[in-house]
Amino acid sequence: MAVTEARTSSRGTGGVRRPPRTAPPMTTRLRRAATPCLFLAPALLLFLYFKFIPMAQAVRMSFEEVRPFLGNTYVGGANYSEIAGSSDFGAAVWHTVVLAVATTAGSIVLGLALALLLEGQTRSLWFIRSAIFLPVVTAMAVVAEVWRVMYYPAEGGALNSVLSVFGMGPSEFLNSPDSSLASIAFVGIWRGAPYDMMIFLAGLAGVDRVLYEASAVDGASRFRRIWHVTLPGLRPVFAILLTLAAIRGLRIFTEVFLLTNGGPDGSTEVLLTLTYKLGLERNELGVAAAGTVLLFLVLLVLTVASRLRRKEVR
């Protein structure tokens, strides 16, 4: 038995006994760890100077009455009490939540539908996917100007002309408090759906094709295959997209600022446009900083809760 084991071990090593592996020296390990840090150092310095230091200053300003050239005065939580008790803040939070929910749900549903329609390896699909993805990479200023023209409230406007074909309209779109919020949400869905589509396409590539073949053999319809095979296989993708889309919706600013600037009559005022006006138009920088800190805390809680939820699913 011992001879057999010795022969087996000698055959496995080619008859040569290899020396035991030893850990690399400390200097080698430090060099390996320092190499990626050196490559990341320029970007980290830029983030530190333009992002993290201003964030720390905003937190400090939220506890002060900011008086340029006169010196700041510590006021404790007065700024938080003022902005939390403001009726404008409550309306802005409500509009932000409505836009976040609408754009999140709409972009995910439309993105999934586009992904199911454009799934495949045909060469022509790459051109169609690229064309659909264009709104994501287009500057928001250009997108806002295009939609402003399409939302022209007269009967000869682009969308009103389409509505007149179906016996509807004309609608005032951005000029009416009843339709302005929905009009902005539609722009957010139109711009966010292609991004969600690409993530769904990546998730669909990981769904086991054997399950599709087995369900087809069992006589399952296309809807049942999507419901029982596709959607369960995309569960991790949904978790990621819900987090990204919710954060994107809560941080909405550019669309509102360019299309309505919070109007008409404050019907589209969101949290970031309110803090922008408080800080740069009314010069209440401490109150504006308190609003941004509150938004940051909400996004932080949402992100942490999503990560914990994904760990539980795994």
# chains A, B, ... in the order shown; residues from 1 in each chain; ligands from 1
$ residues_around --residues "Ala91 in chain A" --least-positions-apart "3" --cutoff "12 Å" --atoms "only C-alpha atoms" --output "list in words"
Ile83, Ala84, Gly85, Ser86, Ser87, Asp88, Trp94, His95, Thr96, Val97, Val98, Gly262, Asp265, Gly266, Ser267, Thr268, Glu269, Val270, Leu271, Thr273 and Leu274 of chain A
$ select_by_dssp --residues "range 2-233 of chain A" --states "strand (DSSP E)" --output "list of chain:residue names"
A:Glu64, A:Glu65, A:Thr73, A:Tyr74
$ select_by_dssp --residues "range 31-181 of chain A" --states "helix (DSSP H, G or I)" --output "count of residues only"
108
$ closest_atom_pairs --of "range 42-103 of chain A" --to "range 289-310 of chain A" --cutoff "7 Å" --atoms "only C-alpha atoms" --output "tab-separated table"
residue	atom	partner	partner_atom	distance
A:Ala58	CA	A:Ala289	CA	5.4
A:Val59	CA	A:Val293	CA	6.5
A:Met61	CA	A:Ala289	CA	6.2
A:Ser62	CA	A:Ala290	CA	4.5
A:Asn79	CA	A:Ala290	CA	6.1
A:Tyr80	CA	A:Ala290	CA	5.6
A:Ile83	CA	A:Gly291	CA	6.8
$ residues_around --residues "range 200-216 of chain A" --least-positions-apart "5" --cutoff "7 Å" --atoms "only C-alpha atoms" --output "JSON, numbers by chain"
{"A": [112, 115, 119, 225, 229, 230, 233, 234, 237]}
$ write_last_selection --atoms "N, CA and C atoms" --output "PDB file, in the first residue's frame"
ATOM      1  N   LEU A 112     -38.356  46.575 -20.400  1.00  0.00           N
ATOM      2  CA  LEU A 112     -38.518  45.127 -20.514  1.00  0.00           C
ATOM      3  C   LEU A 112     -39.206  44.749 -21.816  1.00  0.00           C
ATOM      4  N   ALA A 115     -36.717  45.081 -24.562  1.00  0.00           N
ATOM      5  CA  ALA A 115     -35.715  44.013 -24.501  1.00  0.00           C
ATOM      6  C   ALA A 115     -36.273  42.699 -25.041  1.00  0.00           C
ATOM      7  N   GLU A 119     -34.570  41.037 -28.421  1.00  0.00           N
ATOM      8  CA  GLU A 119     -33.642  39.988 -27.998  1.00  0.00           C
ATOM      9  C   GLU A 119     -33.268  39.139 -29.196  1.00  0.00           C
ATOM     10  N   ARG A 225     -44.366  31.447 -20.699  1.00  0.00           N
ATOM     11  CA  ARG A 225     -42.911  31.311 -20.655  1.00  0.00           C
ATOM     12  C   ARG A 225     -42.272  32.564 -20.076  1.00  0.00           C
ATOM     13  N   VAL A 229     -40.631  31.759 -16.605  1.00  0.00           N
ATOM     14  CA  VAL A 229     -39.215  31.514 -16.879  1.00  0.00           C
ATOM     15  C   VAL A 229     -38.430  32.821 -16.921  1.00  0.00           C
ATOM     16  N   THR A 230     -38.901  33.755 -17.743  1.00  0.00           N
ATOM     17  CA  THR A 230     -38.124  34.982 -17.955  1.00  0.00           C
ATOM     18  C   THR A 230     -38.093  35.853 -16.705  1.00  0.00           C
ATOM     19  N   GLY A 233     -36.041  34.551 -13.831  1.00  0.00           N
ATOM     20  CA  GLY A 233     -34.624  34.611 -14.159  1.00  0.00           C
ATOM     21  C   GLY A 233     -34.059  36.019 -14.118  1.00  0.00           C
ATOM     22  N   LEU A 234     -34.931  37.009 -14.250  1.00  0.00           N
ATOM     23  CA  LEU A 234     -34.499  38.405 -14.228  1.00  0.00           C
ATOM     24  C   LEU A 234     -34.636  39.043 -12.849  1.00  0.00           C
ATOM     25  N   VAL A 237     -31.823  41.316 -11.873  1.00  0.00           N
ATOM     26  CA  VAL A 237     -31.808  42.512 -12.712  1.00  0.00           C
ATOM     27  C   VAL A 237     -32.845  43.510 -12.222  1.00  0.00           C
TER      28      VAL A 237
END
$ residues_around --residues "Ala185 in chain A" --least-positions-apart "6" --cutoff "7 Å" --atoms "only C-alpha atoms" --output "number ranges by chain"
A: 99, 102-103
$ residues_around --residues "Asn283 in chain A" --least-positions-apart "6" --cutoff "12 Å" --atoms "only C-alpha atoms" --output "ChimeraX atom specification"
/A:65-68,275-277,289
$ residues_around --residues "Met197 in chain A" --least-positions-apart "3" --cutoff "9 Å" --atoms "only C-alpha atoms" --output "MDAnalysis selection string"
chainID A and resid 107:108 110:116 129 133 192:194 200:202
$ write_last_selection --atoms "N, CA and C atoms" --output "PDB file, in the first residue's frame"
ATOM      1  N   SER A 107     -40.257  53.304 -17.019  1.00  0.00           N
ATOM      2  CA  SER A 107     -39.029  52.947 -17.733  1.00  0.00           C
ATOM      3  C   SER A 107     -38.724  51.459 -17.618  1.00  0.00           C
ATOM      4  N   ILE A 108     -39.032  50.837 -16.472  1.00  0.00           N
ATOM      5  CA  ILE A 108     -38.777  49.404 -16.325  1.00  0.00           C
ATOM      6  C   ILE A 108     -39.719  48.589 -17.209  1.00  0.00           C
ATOM      7  N   LEU A 110     -41.423  49.613 -19.949  1.00  0.00           N
ATOM      8  CA  LEU A 110     -41.108  49.847 -21.355  1.00  0.00           C
ATOM      9  C   LEU A 110     -39.757  49.250 -21.726  1.00  0.00           C
ATOM     10  N   GLY A 111     -38.776  49.340 -20.831  1.00  0.00           N
ATOM     11  CA  GLY A 111     -37.469  48.746 -21.108  1.00  0.00           C
ATOM     12  C   GLY A 111     -37.538  47.237 -21.249  1.00  0.00           C
ATOM     13  N   LEU A 112     -38.356  46.575 -20.400  1.00  0.00           N
ATOM     14  CA  LEU A 112     -38.518  45.127 -20.514  1.00  0.00           C
ATOM     15  C   LEU A 112     -39.206  44.749 -21.816  1.00  0.00           C
ATOM     16  N   ALA A 113     -40.226  45.515 -22.196  1.00  0.00           N
ATOM     17  CA  ALA A 113     -40.917  45.229 -23.453  1.00  0.00           C
ATOM     18  C   ALA A 113     -39.972  45.376 -24.642  1.00  0.00           C
ATOM     19  N   LEU A 114     -39.166  46.431 -24.643  1.00  0.00           N
ATOM     20  CA  LEU A 114     -38.207  46.614 -25.735  1.00  0.00           C
ATOM     21  C   LEU A 114     -37.162  45.506 -25.745  1.00  0.00           C
ATOM     22  N   ALA A 115     -36.717  45.081 -24.562  1.00  0.00           N
ATOM     23  CA  ALA A 115     -35.715  44.013 -24.501  1.00  0.00           C
ATOM     24  C   ALA A 115     -36.273  42.699 -25.041  1.00  0.00           C
ATOM     25  N   LEU A 116     -37.527  42.391 -24.725  1.00  0.00           N
ATOM     26  CA  LEU A 116     -38.127  41.159 -25.228  1.00  0.00           C
ATOM     27  C   LEU A 116     -38.322  41.212 -26.745  1.00  0.00           C
ATOM     28  N   ARG A 129     -31.060  48.669 -31.781  1.00  0.00           N
ATOM     29  CA  ARG A 129     -30.742  48.934 -30.388  1.00  0.00           C
ATOM     30  C   ARG A 129     -29.967  50.239 -30.224  1.00  0.00           C
ATOM     31  N   PHE A 133     -31.146  53.538 -28.188  1.00  0.00           N
ATOM     32  CA  PHE A 133     -30.318  53.970 -27.056  1.00  0.00           C
ATOM     33  C   PHE A 133     -29.875  55.430 -27.171  1.00  0.00           C
ATOM     34  N   GLY A 192     -35.251  57.094 -19.956  1.00  0.00           N
ATOM     35  CA  GLY A 192     -34.718  56.042 -19.099  1.00  0.00           C
ATOM     36  C   GLY A 192     -34.968  54.634 -19.595  1.00  0.00           C
ATOM     37  N   ALA A 193     -35.998  54.424 -20.406  1.00  0.00           N
ATOM     38  CA  ALA A 193     -36.333  53.076 -20.871  1.00  0.00           C
ATOM     39  C   ALA A 193     -35.218  52.428 -21.691  1.00  0.00           C
ATOM     40  N   PRO A 194     -34.543  53.138 -22.608  1.00  0.00           N
ATOM     41  CA  PRO A 194     -33.452  52.481 -23.354  1.00  0.00           C
ATOM     42  C   PRO A 194     -32.314  52.005 -22.460  1.00  0.00           C
ATOM     43  N   PHE A 200     -31.649  44.838 -19.243  1.00  0.00           N
ATOM     44  CA  PHE A 200     -32.510  43.663 -19.409  1.00  0.00           C
ATOM     45  C   PHE A 200     -31.956  42.714 -20.469  1.00  0.00           C
ATOM     46  N   LEU A 201     -31.407  43.265 -21.548  1.00  0.00           N
ATOM     47  CA  LEU A 201     -30.822  42.408 -22.585  1.00  0.00           C
ATOM     48  C   LEU A 201     -29.651  41.609 -22.030  1.00  0.00           C
ATOM     49  N   ALA A 202     -28.839  42.248 -21.180  1.00  0.00           N
ATOM     50  CA  ALA A 202     -27.744  41.512 -20.554  1.00  0.00           C
ATOM     51  C   ALA A 202     -28.275  40.434 -19.615  1.00  0.00           C
TER      52      ALA A 202
END
$ atom_distance --atom1 "CA of Thr243 in chain A" --atom2 "CA of Phe47 in chain A"
22.6 Å
$ atom_distance --atom1 "CA of Val256 in chain A" --atom2 "CA of Thr104 in chain A"
16.2 Å
